[in-house]
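What follows is the content of work-v9.txt, which has compact mmCIF, C-alpha atoms and all ligand atoms:
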```txt
# COMPACT_ATOMS: atom_id res chain seq x y z
CA MET A 1280 103.40 39.16 128.13
CA ALA A 1281 101.20 41.34 125.90
CA THR A 1282 103.14 43.92 123.92
CA HIS A 1283 101.66 47.12 122.55
CA LYS A 1284 103.66 49.37 120.29
CA ILE A 1285 102.91 53.04 120.90
CA ALA A 1286 104.11 55.83 118.62
CA LEU A 1287 105.12 58.88 120.65
CA LEU A 1288 105.02 62.11 118.66
CA ASP A 1289 106.51 64.66 121.05
CA GLY A 1290 105.71 67.65 118.84
CA ASP A 1291 106.83 71.21 119.46
CA GLY A 1292 107.16 73.73 122.29
CA ILE A 1293 106.24 72.16 125.62
CA GLY A 1294 105.53 68.84 123.83
CA PRO A 1295 108.74 66.98 124.81
CA GLU A 1296 108.49 68.09 128.47
CA ILE A 1297 104.95 66.92 128.99
CA MET A 1298 105.54 63.78 126.91
CA ALA A 1299 108.35 62.81 129.31
CA GLU A 1300 105.79 62.78 132.15
CA ALA A 1301 103.36 60.71 130.10
CA VAL A 1302 106.16 58.19 129.52
CA LYS A 1303 106.76 57.97 133.29
CA ILE A 1304 103.13 56.99 133.73
CA LEU A 1305 103.15 54.53 130.83
CA ASP A 1306 106.26 52.83 132.27
CA LEU A 1307 104.60 52.50 135.65
CA VAL A 1308 101.35 51.20 134.14
CA ALA A 1309 103.36 48.59 132.21
CA GLN A 1310 105.08 47.46 135.41
CA ARG A 1311 101.86 47.34 137.42
CA ASN A 1312 99.96 45.41 134.78
CA GLU A 1313 102.73 43.16 133.51
CA ILE A 1314 102.38 44.34 129.97
CA ASP A 1315 105.00 45.69 127.66
CA PHE A 1316 104.62 49.06 125.99
CA GLU A 1317 107.11 49.43 123.18
CA LEU A 1318 107.48 53.21 123.08
CA VAL A 1319 108.97 54.61 119.88
CA HIS A 1320 109.44 58.34 119.32
CA GLY A 1321 108.72 59.82 115.89
CA ALA A 1322 109.46 63.28 114.50
CA PHE A 1323 106.30 65.33 113.97
CA GLY A 1324 105.38 68.99 113.70
CA ALA A 1325 107.54 72.07 113.17
CA SER A 1326 110.53 70.37 114.82
CA ALA A 1327 110.25 67.60 112.21
CA TYR A 1328 110.15 70.16 109.44
CA PHE A 1329 113.45 71.63 110.65
CA SER A 1330 115.12 68.23 111.24
CA HIS A 1331 113.66 66.26 108.30
CA GLY A 1332 112.34 68.91 105.88
CA ASP A 1333 108.87 67.46 106.37
CA SER A 1334 106.48 68.05 109.26
CA PHE A 1335 105.08 64.52 108.91
CA PRO A 1336 108.06 62.50 107.61
CA GLU A 1337 107.58 59.15 105.84
CA GLU A 1338 109.31 57.25 108.67
CA THR A 1339 106.85 58.72 111.19
CA LYS A 1340 103.94 57.70 108.96
CA LYS A 1341 105.32 54.16 108.89
CA LEU A 1342 105.77 54.14 112.68
CA CYS A 1343 102.16 55.30 113.14
CA ASP A 1344 100.93 52.65 110.69
CA GLU A 1345 102.64 49.93 112.72
CA ALA A 1346 101.69 51.22 116.17
CA ALA A 1347 98.69 49.98 118.13
CA ALA A 1348 98.03 53.56 119.22
CA ILE A 1349 99.57 57.00 118.89
CA LEU A 1350 100.26 59.49 121.65
CA LYS A 1351 100.82 62.95 120.25
CA GLY A 1352 102.08 66.11 121.90
CA PRO A 1353 101.06 69.62 120.87
CA ILE A 1354 102.46 71.14 117.70
CA GLY A 1355 103.01 74.60 116.24
CA LEU A 1356 105.15 77.69 116.56
CA ASN A 1357 104.37 81.26 117.38
CA HIS A 1358 103.00 83.48 114.62
CA GLU A 1359 106.40 84.88 113.54
CA GLU A 1360 108.29 81.57 113.66
CA SER A 1361 105.53 79.86 111.67
CA LYS A 1362 106.30 82.10 108.73
CA LYS A 1363 109.68 80.35 108.34
CA ILE A 1364 107.82 77.25 107.15
CA PRO A 1365 106.01 77.13 103.79
CA VAL A 1366 102.25 77.44 104.35
CA ASP A 1367 101.42 73.86 103.34
CA MET A 1368 104.20 72.41 105.51
CA GLN A 1369 103.19 74.33 108.63
CA PRO A 1370 102.52 71.68 111.23
CA GLU A 1371 98.75 72.16 111.44
CA ARG A 1372 98.19 71.77 107.68
CA GLY A 1373 101.27 69.65 106.97
CA ALA A 1374 101.16 67.18 109.86
CA LEU A 1375 98.10 67.29 112.10
CA LEU A 1376 95.34 67.34 109.49
CA PRO A 1377 97.14 64.67 107.41
CA LEU A 1378 97.42 62.51 110.57
CA ARG A 1379 93.68 62.83 111.14
CA ARG A 1380 92.95 62.11 107.49
CA ARG A 1381 95.35 59.14 107.29
CA PHE A 1382 93.60 57.29 110.11
CA ASN A 1383 90.16 58.79 109.55
CA THR A 1384 89.98 59.72 113.23
CA PHE A 1385 86.51 61.16 112.89
CA ALA A 1386 85.43 60.93 116.51
CA ASN A 1387 87.11 63.41 118.83
CA PHE A 1388 86.31 63.05 122.53
CA ARG A 1389 87.11 66.08 124.65
CA PRO A 1390 86.20 65.59 128.30
CA VAL A 1391 85.48 68.77 130.22
CA TYR A 1392 86.04 67.66 133.75
CA LEU A 1393 86.20 69.87 136.81
CA PRO A 1394 85.83 67.94 140.05
CA GLN A 1395 85.99 69.87 143.32
CA SER A 1396 89.77 69.27 143.53
CA LEU A 1397 90.20 71.45 140.42
CA ALA A 1398 87.38 73.94 140.99
CA HIS A 1399 89.77 76.68 142.14
CA PHE A 1400 91.24 76.86 138.62
CA SER A 1401 87.93 77.88 137.07
CA PRO A 1402 87.04 81.54 136.49
CA LEU A 1403 83.38 80.62 137.09
CA LYS A 1404 81.72 81.43 140.43
CA PRO A 1405 81.26 78.47 142.78
CA GLU A 1406 77.46 78.74 142.49
CA ILE A 1407 77.74 78.31 138.71
CA ILE A 1408 80.04 75.31 139.02
CA GLY A 1409 77.71 73.75 141.59
CA ASP A 1410 78.44 71.12 144.23
CA ASN A 1411 79.04 68.35 141.73
CA GLY A 1412 81.58 70.20 139.63
CA ILE A 1413 81.54 70.01 135.83
CA ASP A 1414 81.62 66.71 133.98
CA MET A 1415 80.74 66.73 130.31
CA ILE A 1416 82.15 65.42 127.10
CA ILE A 1417 82.35 67.28 123.83
CA ILE A 1418 82.20 65.01 120.81
CA ARG A 1419 83.63 66.81 117.82
CA GLU A 1420 83.51 65.50 114.24
CA LEU A 1421 87.17 65.68 113.30
CA VAL A 1422 87.73 64.92 109.61
CA GLY A 1423 85.01 66.80 107.76
CA GLY A 1424 83.46 70.22 107.44
CA LEU A 1425 85.31 73.40 106.61
CA TYR A 1426 88.70 72.10 107.70
CA PHE A 1427 88.70 69.36 105.07
CA GLY A 1428 86.47 70.87 102.37
CA LYS A 1429 87.68 72.11 98.97
CA LYS A 1430 89.50 75.41 99.12
CA GLU A 1431 90.20 77.99 96.49
CA MET A 1432 92.07 81.27 96.58
CA GLY A 1433 92.67 83.65 93.73
CA VAL A 1434 91.90 86.92 92.04
CA ASN A 1435 88.41 87.38 90.63
CA ALA A 1436 87.25 89.05 87.40
CA GLU A 1437 87.20 92.43 89.14
CA GLY A 1438 90.82 92.00 90.19
CA LYS A 1439 89.95 91.41 93.86
CA ARG A 1440 91.59 88.67 95.93
CA TYR A 1441 88.99 86.14 97.02
CA VAL A 1442 88.77 82.89 98.91
CA VAL A 1443 86.24 80.04 99.04
CA GLU A 1444 86.21 77.24 101.60
CA ASN A 1445 83.56 74.55 101.54
CA LEU A 1446 81.82 73.04 104.52
CA GLU A 1447 81.25 69.51 103.26
CA TYR A 1448 79.56 66.52 104.87
CA ASP A 1449 77.78 63.55 103.44
CA GLU A 1450 75.11 61.66 105.33
CA ASP A 1451 77.40 58.77 106.25
CA GLN A 1452 79.94 61.05 107.91
CA ILE A 1453 77.20 62.66 110.00
CA ALA A 1454 75.60 59.33 110.85
CA ASN A 1455 78.96 57.91 112.00
CA ILE A 1456 79.62 60.67 114.49
CA ALA A 1457 75.95 60.70 115.52
CA ARG A 1458 76.15 57.01 116.44
CA VAL A 1459 79.28 57.59 118.51
CA ALA A 1460 77.51 60.43 120.33
CA PHE A 1461 74.31 58.47 120.97
CA ASP A 1462 76.31 55.45 122.20
CA THR A 1463 78.22 57.72 124.58
CA ALA A 1464 75.05 59.43 125.83
CA GLN A 1465 73.40 56.05 126.34
CA LYS A 1466 76.24 54.98 128.63
CA ARG A 1467 76.03 58.24 130.62
CA LYS A 1468 72.98 60.35 131.47
CA LYS A 1469 70.99 59.59 128.29
CA VAL A 1470 70.85 63.23 127.25
CA LEU A 1471 72.53 64.44 124.06
CA HIS A 1472 72.93 68.11 123.26
CA ASN A 1473 73.08 68.52 119.49
CA ILE A 1474 74.86 71.75 118.59
CA HIS A 1475 74.02 73.28 115.21
CA LYS A 1476 73.33 76.47 113.28
CA SER A 1477 70.39 75.39 111.15
CA ASN A 1478 68.86 78.88 111.13
CA VAL A 1479 71.65 79.86 108.69
CA LEU A 1480 73.68 76.87 107.51
CA LYS A 1481 72.31 74.20 105.18
CA SER A 1482 75.00 71.89 106.50
CA SER A 1483 73.27 72.05 109.88
CA VAL A 1484 69.87 71.32 108.30
CA LEU A 1485 71.22 68.02 106.96
CA TRP A 1486 73.14 67.42 110.19
CA ASN A 1487 69.93 67.76 112.24
CA GLU A 1488 67.99 65.51 109.87
CA ILE A 1489 70.55 62.74 110.35
CA ILE A 1490 70.65 63.27 114.12
CA ASP A 1491 66.85 62.68 114.11
CA GLU A 1492 67.20 59.58 111.93
CA VAL A 1493 69.97 58.01 113.99
CA GLY A 1494 68.19 59.06 117.17
CA ALA A 1495 65.25 56.84 116.21
CA ASP A 1496 67.50 53.88 117.12
CA TYR A 1497 68.09 55.35 120.58
CA PRO A 1498 64.61 56.01 121.99
CA ASP A 1499 66.03 56.17 125.54
CA VAL A 1500 68.31 59.13 124.72
CA LYS A 1501 66.75 62.59 124.91
CA VAL A 1502 68.06 65.02 122.28
CA VAL A 1503 68.26 68.73 123.07
CA ASN A 1504 68.97 70.90 120.02
CA ILE A 1505 70.87 74.13 120.67
CA LEU A 1506 72.22 76.75 118.29
CA VAL A 1507 75.98 76.97 118.53
CA ASP A 1508 76.05 80.65 119.48
CA ALA A 1509 73.56 80.09 122.29
CA ALA A 1510 75.54 77.04 123.43
CA ALA A 1511 78.60 79.27 123.83
CA THR A 1512 76.66 81.41 126.29
CA TYR A 1513 75.16 78.47 128.18
CA LEU A 1514 78.62 76.95 128.63
CA CYS A 1515 79.47 79.97 130.76
CA LEU A 1516 76.13 80.52 132.46
CA ASN A 1517 75.02 76.98 133.19
CA PRO A 1518 77.59 74.34 132.18
CA GLY A 1519 75.97 71.80 134.51
CA GLN A 1520 73.10 71.29 132.05
CA PHE A 1521 75.41 69.55 129.57
CA ASP A 1522 76.53 65.95 129.66
CA VAL A 1523 77.30 64.83 126.09
CA MET A 1524 77.48 67.41 123.31
CA VAL A 1525 77.95 66.60 119.61
CA MET A 1526 78.92 69.01 116.85
CA GLU A 1527 80.69 69.46 113.55
CA ASN A 1528 84.40 70.09 113.25
CA MET A 1529 84.75 73.87 113.53
CA PHE A 1530 82.03 74.31 116.14
CA GLY A 1531 83.83 71.66 118.18
CA ASP A 1532 87.20 73.34 117.77
CA ILE A 1533 85.83 76.60 119.11
CA LEU A 1534 83.51 75.34 121.86
CA SER A 1535 86.11 72.91 123.19
CA ASP A 1536 88.56 75.78 123.64
CA GLN A 1537 85.83 77.72 125.39
CA ALA A 1538 85.27 74.72 127.62
CA GLY A 1539 88.98 74.83 128.45
CA GLY A 1540 88.37 78.44 129.45
CA ILE A 1541 85.64 77.50 131.89
CA LEU A 1542 87.97 74.93 133.45
CA GLY A 1543 90.57 77.66 133.79
CA SER A 1544 93.09 76.35 131.29
CA LEU A 1545 93.40 74.40 128.07
CA GLY A 1546 96.10 72.56 129.99
CA LEU A 1547 93.25 70.63 131.62
CA MET A 1548 91.95 69.29 128.28
CA PRO A 1549 93.16 65.86 127.13
CA SER A 1550 91.49 64.21 124.13
CA ALA A 1551 91.01 61.05 122.13
CA CYS A 1552 90.72 60.95 118.33
CA ILE A 1553 89.18 57.67 117.28
CA GLY A 1554 89.06 56.16 113.80
CA PRO A 1555 87.71 52.85 112.56
CA GLU A 1556 91.08 51.13 112.91
CA LYS A 1557 93.40 53.44 114.76
CA ALA A 1558 93.22 56.07 117.44
CA TYR A 1559 95.53 58.79 118.53
CA TYR A 1560 95.50 60.79 121.75
CA GLU A 1561 96.53 64.39 122.27
CA PRO A 1562 96.17 67.42 124.50
CA SER A 1563 93.59 69.81 123.00
CA HIS A 1564 95.92 72.77 123.45
CA GLY A 1565 98.79 74.23 121.47
CA SER A 1566 102.52 73.96 122.07
CA ALA A 1567 102.79 77.11 124.25
CA PRO A 1568 106.15 78.20 122.76
CA ASP A 1569 106.29 81.13 125.20
CA ILE A 1570 106.79 78.81 128.18
CA ALA A 1571 108.62 75.93 126.47
CA GLY A 1572 111.75 74.56 128.08
CA GLN A 1573 111.10 76.10 131.48
CA GLY A 1574 109.60 73.05 133.19
CA ILE A 1575 106.49 74.98 134.20
CA ALA A 1576 103.82 73.39 131.98
CA ASN A 1577 101.36 71.09 133.67
CA PRO A 1578 101.36 67.58 132.14
CA TYR A 1579 97.68 66.92 133.02
CA SER A 1580 96.42 67.01 129.42
CA MET A 1581 99.17 64.64 128.27
CA ILE A 1582 98.76 62.20 131.17
CA GLY A 1583 94.97 62.46 130.78
CA SER A 1584 95.45 61.49 127.13
CA VAL A 1585 97.37 58.43 128.37
CA ALA A 1586 94.39 57.56 130.59
CA MET A 1587 92.07 57.85 127.59
CA MET A 1588 94.41 55.63 125.56
CA LEU A 1589 94.47 52.97 128.28
CA GLU A 1590 90.70 52.90 128.31
CA MET A 1591 89.85 53.30 124.66
CA SER A 1592 92.72 51.51 122.88
CA PHE A 1593 93.72 48.88 125.42
CA GLY A 1594 90.49 48.22 127.34
CA MET A 1595 92.21 49.07 130.65
CA GLU A 1596 89.29 50.96 132.12
CA ALA A 1597 90.10 50.42 135.78
CA GLU A 1598 93.75 51.45 135.40
CA ALA A 1599 92.64 54.51 133.41
CA LYS A 1600 90.45 55.49 136.36
CA ASN A 1601 93.45 55.08 138.64
CA VAL A 1602 95.47 57.50 136.49
CA TRP A 1603 92.66 60.11 136.64
CA HIS A 1604 92.37 59.58 140.37
CA ALA A 1605 96.14 59.98 140.86
CA MET A 1606 96.12 63.34 139.07
CA GLN A 1607 93.10 64.56 141.06
CA GLU A 1608 94.89 63.57 144.27
CA VAL A 1609 97.96 65.60 143.39
CA PHE A 1610 95.79 68.68 142.85
CA ALA A 1611 93.67 67.96 145.92
CA GLN A 1612 96.89 68.00 148.01
CA GLY A 1613 97.32 71.63 146.94
CA ASN A 1614 99.95 71.24 144.23
CA SER A 1615 100.02 73.15 140.97
CA THR A 1616 102.39 74.34 138.26
CA PRO A 1617 103.13 77.95 137.29
CA ASP A 1618 101.22 77.75 133.99
CA LEU A 1619 97.99 77.03 135.87
CA SER A 1620 98.38 79.16 138.99
CA LYS A 1621 99.76 82.55 139.83
CA PRO A 1622 102.24 83.02 142.69
CA GLY A 1623 100.30 83.68 145.87
CA ALA A 1624 97.36 81.53 144.74
CA GLY A 1625 97.81 79.46 147.89
CA VAL A 1626 99.14 76.41 146.08
CA ASN A 1627 102.36 74.48 146.37
CA MET A 1628 104.06 75.45 143.11
CA ILE A 1629 106.04 72.61 141.54
CA SER A 1630 107.68 71.83 138.20
CA THR A 1631 106.40 69.73 135.30
CA SER A 1632 108.53 66.75 136.28
CA ALA A 1633 107.79 67.05 140.01
CA PHE A 1634 104.09 66.98 139.12
CA GLY A 1635 104.64 63.82 137.02
CA ASP A 1636 106.58 62.23 139.90
CA LEU A 1637 103.74 62.91 142.33
CA VAL A 1638 101.17 61.47 139.92
CA ALA A 1639 103.34 58.37 139.57
CA ALA A 1640 103.62 58.09 143.37
CA GLU A 1641 99.83 58.35 143.74
CA LEU A 1642 99.27 55.80 141.00
CA ALA A 1643 101.67 53.43 142.70
CA LYS A 1644 99.42 53.60 145.79
CA CYS A 1645 96.31 52.50 143.85
CA PRO A 1646 95.48 48.83 144.26
CA LYS A 1647 96.55 46.86 141.21
CA VAL A 1648 93.68 45.83 138.98
C1 LIG B 1 92.64 71.42 117.96
C2 LIG B 1 93.57 72.39 117.32
C3 LIG B 1 93.74 72.07 115.86
C4 LIG B 1 92.37 72.14 115.20
C5 LIG B 1 94.76 72.97 115.13
C6 LIG B 1 96.12 72.88 115.78
C7 LIG B 1 94.83 72.65 113.66
O1 LIG B 1 93.13 73.71 117.52
O2 LIG B 1 92.93 70.21 117.91
O3 LIG B 1 91.61 71.84 118.48
O4 LIG B 1 91.95 73.22 114.80
O5 LIG B 1 91.71 71.12 115.11
MG MG B 2 91.47 73.84 118.74
```
In structure tokens, how does this file's structure come out?
Amino acid sequence: MATHKIALLDGDGIGPEIMAEAVKILDLVAQRNEIDFELVHGAFGASAYFSHGDSFPEETKKLCDEAAAILKGPIGLNHEESKKIPVDMQPERGALLPLRRRFNTFANFRPVYLPQSLAHFSPLKPEIIGDNGIDMIIIRELVGGLYFGKKEMGVNAEGKRYVVENLEYDEDQIANIARVAFDTAQKRKKVLHNIHKSNVLKSSVLWNEIIDEVGADYPDVKVVNILVDAAATYLCLNPGQFDVMVMENMFGDILSDQAGGILGSLGLMPSACIGPEKAYYEPSHGSAPDIAGQGIANPYSMIGSVAMMLEMSFGMEAEAKNVWHAMQEVFAQGNSTPDLSKPGAGVNMISTSAFGDLVAAELAKCPKV
């Protein structure tokens, strides 16, 4: 029997609750496919700082090194609680960015998927969503740009506090993410929206040059260049025009959250972070400390991340589709959780774990592959 070791980094806030539902699905997938997932939990995030004095402890690094793939929950604390942790140990800077850097997970896939069964969550009018719903994928460069560039803070000659952060890319970094984006577009509708800001930023001038160069190898893919600020508007006004979008790190951070907004919740945004040798999978949202521990968070983004892991790390494409289908079914039957829907929204309101149970029950009904 094939065995895959998976590192589970529960994270903070709602992380452990939604991870428990992901584990339910992984256990069922293992049973259905006669494979063995060795699931090992590792401390990560603010909770790890308080238990181990380190938000990305050495033993977790070792676990991730050994694992075939990593499933990570959301991390972080609220603004006030964060201040209890030294700035460089705060989970975003002390754990998440080092995780991305360690495995060079440069290619971040963020599907923005709103089939009819989820359309009622969206704040967009039905005529904007259209009959086919929304189905696009944001490809975000994840280990370069401003987030990883050199930083400097200090007091200048005039006695004023100042800060400098560099947006750095070299041509190889851009070409790598460009190839991932063109490959993805080639497998889908053969249209790639390149998001940039070349009317102001030199980084975008180089970015666009490389997109053109790499694009020469993909004559069947049409490239549409859009300024990032305009793209933000089009995402609201006409999201159906997009299929695959590619952009640098910070643009992707911001536009993918906006995409969560057009779905109706970041809770509907799973993601995959792919490096040359290792990948990790995570919800695109934060740890929602305000609702942690209440059993009201929807596990969609965490279970969706499992589906992406099955497909992208273990080549289990058909079973991944089954997991997506099972989640859609649970919504289509009128179920929801309190984080996604308000009382009186005409849905059957259930808890995090009840939602996971229903997804498991639907998955169990899918023919084995
Ligand atoms: C995301 C998050 C992270 C990011 C934070 C938590 C550092 O917002 O994955 O989008 O900015 O990349
Ligand atoms: Mg973000």
Near-ligand residues for ligand LIG 1 (chain B), threshold 8 Å, all atoms listed in the file, as a ChimeraX atom specification: /A:1353-1355,1370-1372,1375-1376,1421,1426,1528-1529,1531-1533,1535-1536,1562-1565
Using all atoms listed in the file, which residue out of A:Leu1514, A:Met1548, A:Ile1407, A:Met1368 lies closest to ligand MG 2 (chain B)?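 Smallest distance to ligand MG 2 (chain B) is found for A:Met1548.
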Judged by all atoms listed in the file, the minimum distance to Lys1469 in chain A among A:Ala1605, A:Leu1393, A:Leu1288, A:Val1523 is found for A:Val1523
Between A:Lys1404, A:Lys1647, A:Arg1389, A:His1604, which is the closest to ligand MG 2 (chain B) once you count only C-alpha atoms and all ligand atoms?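 With only C-alpha atoms and all ligand atoms as the atom set, the closest residue is A:Arg1389.
Residue nearest Ile1413 in chain A, chosen from A:Ile1349, A:Ala1558, A:Val1585, A:Ala1538 and counting all atoms listed in the file: A:Ala1538.
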Residues near Val1470 in chain A, cut-off 9 Å, only C-alpha atoms, skip fewer than 6 positions along chain, as a list of chain:residue names: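 Contacts, in chain order: A:Phe1461, A:Ala1464, A:Asp1499, A:Val1500, A:Lys1501, A:Val1502, A:Val1503, A:Phe1521, A:Asp1522, A:Val1523, A:Met1524.
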Smallest atom-to-atom distance to Cys1515 in chain A: which of A:Val1391, A:Leu1403, A:Val1602, A:Ala1571, using only C-alpha atoms?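 Nearest to Cys1515 in chain A: A:Leu1403.
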The distance between CA of Met1606 in chain A and CA of Ala1639 in chain A is 8.8 Å
Looking at A:Gln1537, A:Asn1478, A:Ser1544, A:Gln1310, which one is nearest to ligand MG 2 (chain B), with distances taken over only C-alpha atoms and all ligand atoms?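 Going through A:Gln1537, A:Asn1478, A:Ser1544, A:Gln1310 one by one, the smallest distance to ligand MG 2 (chain B) is for A:Gln1537.
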Just how far from CA of Tyr1560 in chain A is CA of Gly1613 in chain A, in Å to one decimal?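 Computed distance, CA of Gly1613 in chain A to CA of Tyr1560 in chain A, equals 27.5 Å.
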Counting all atoms listed in the file, what is within 9 Å of range 1614-1625 of chain A, bar same-chain residues fewer than 3 positions away, as a list in words?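 Listed by chain and then number, they are Phe1400, Gly1543, Ser1544, Gly1546, Ile1570, Gly1574, Ile1575, Ala1576, Asn1577, Val1609, Phe1610, Ala1611, Met1628, Ile1629, Ser1630, Thr1631 and Phe1634 of chain A.
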Quick one, how far is CA of Gly1290 in chain A from CA of Ile1456 in chain A? 27.4 Å
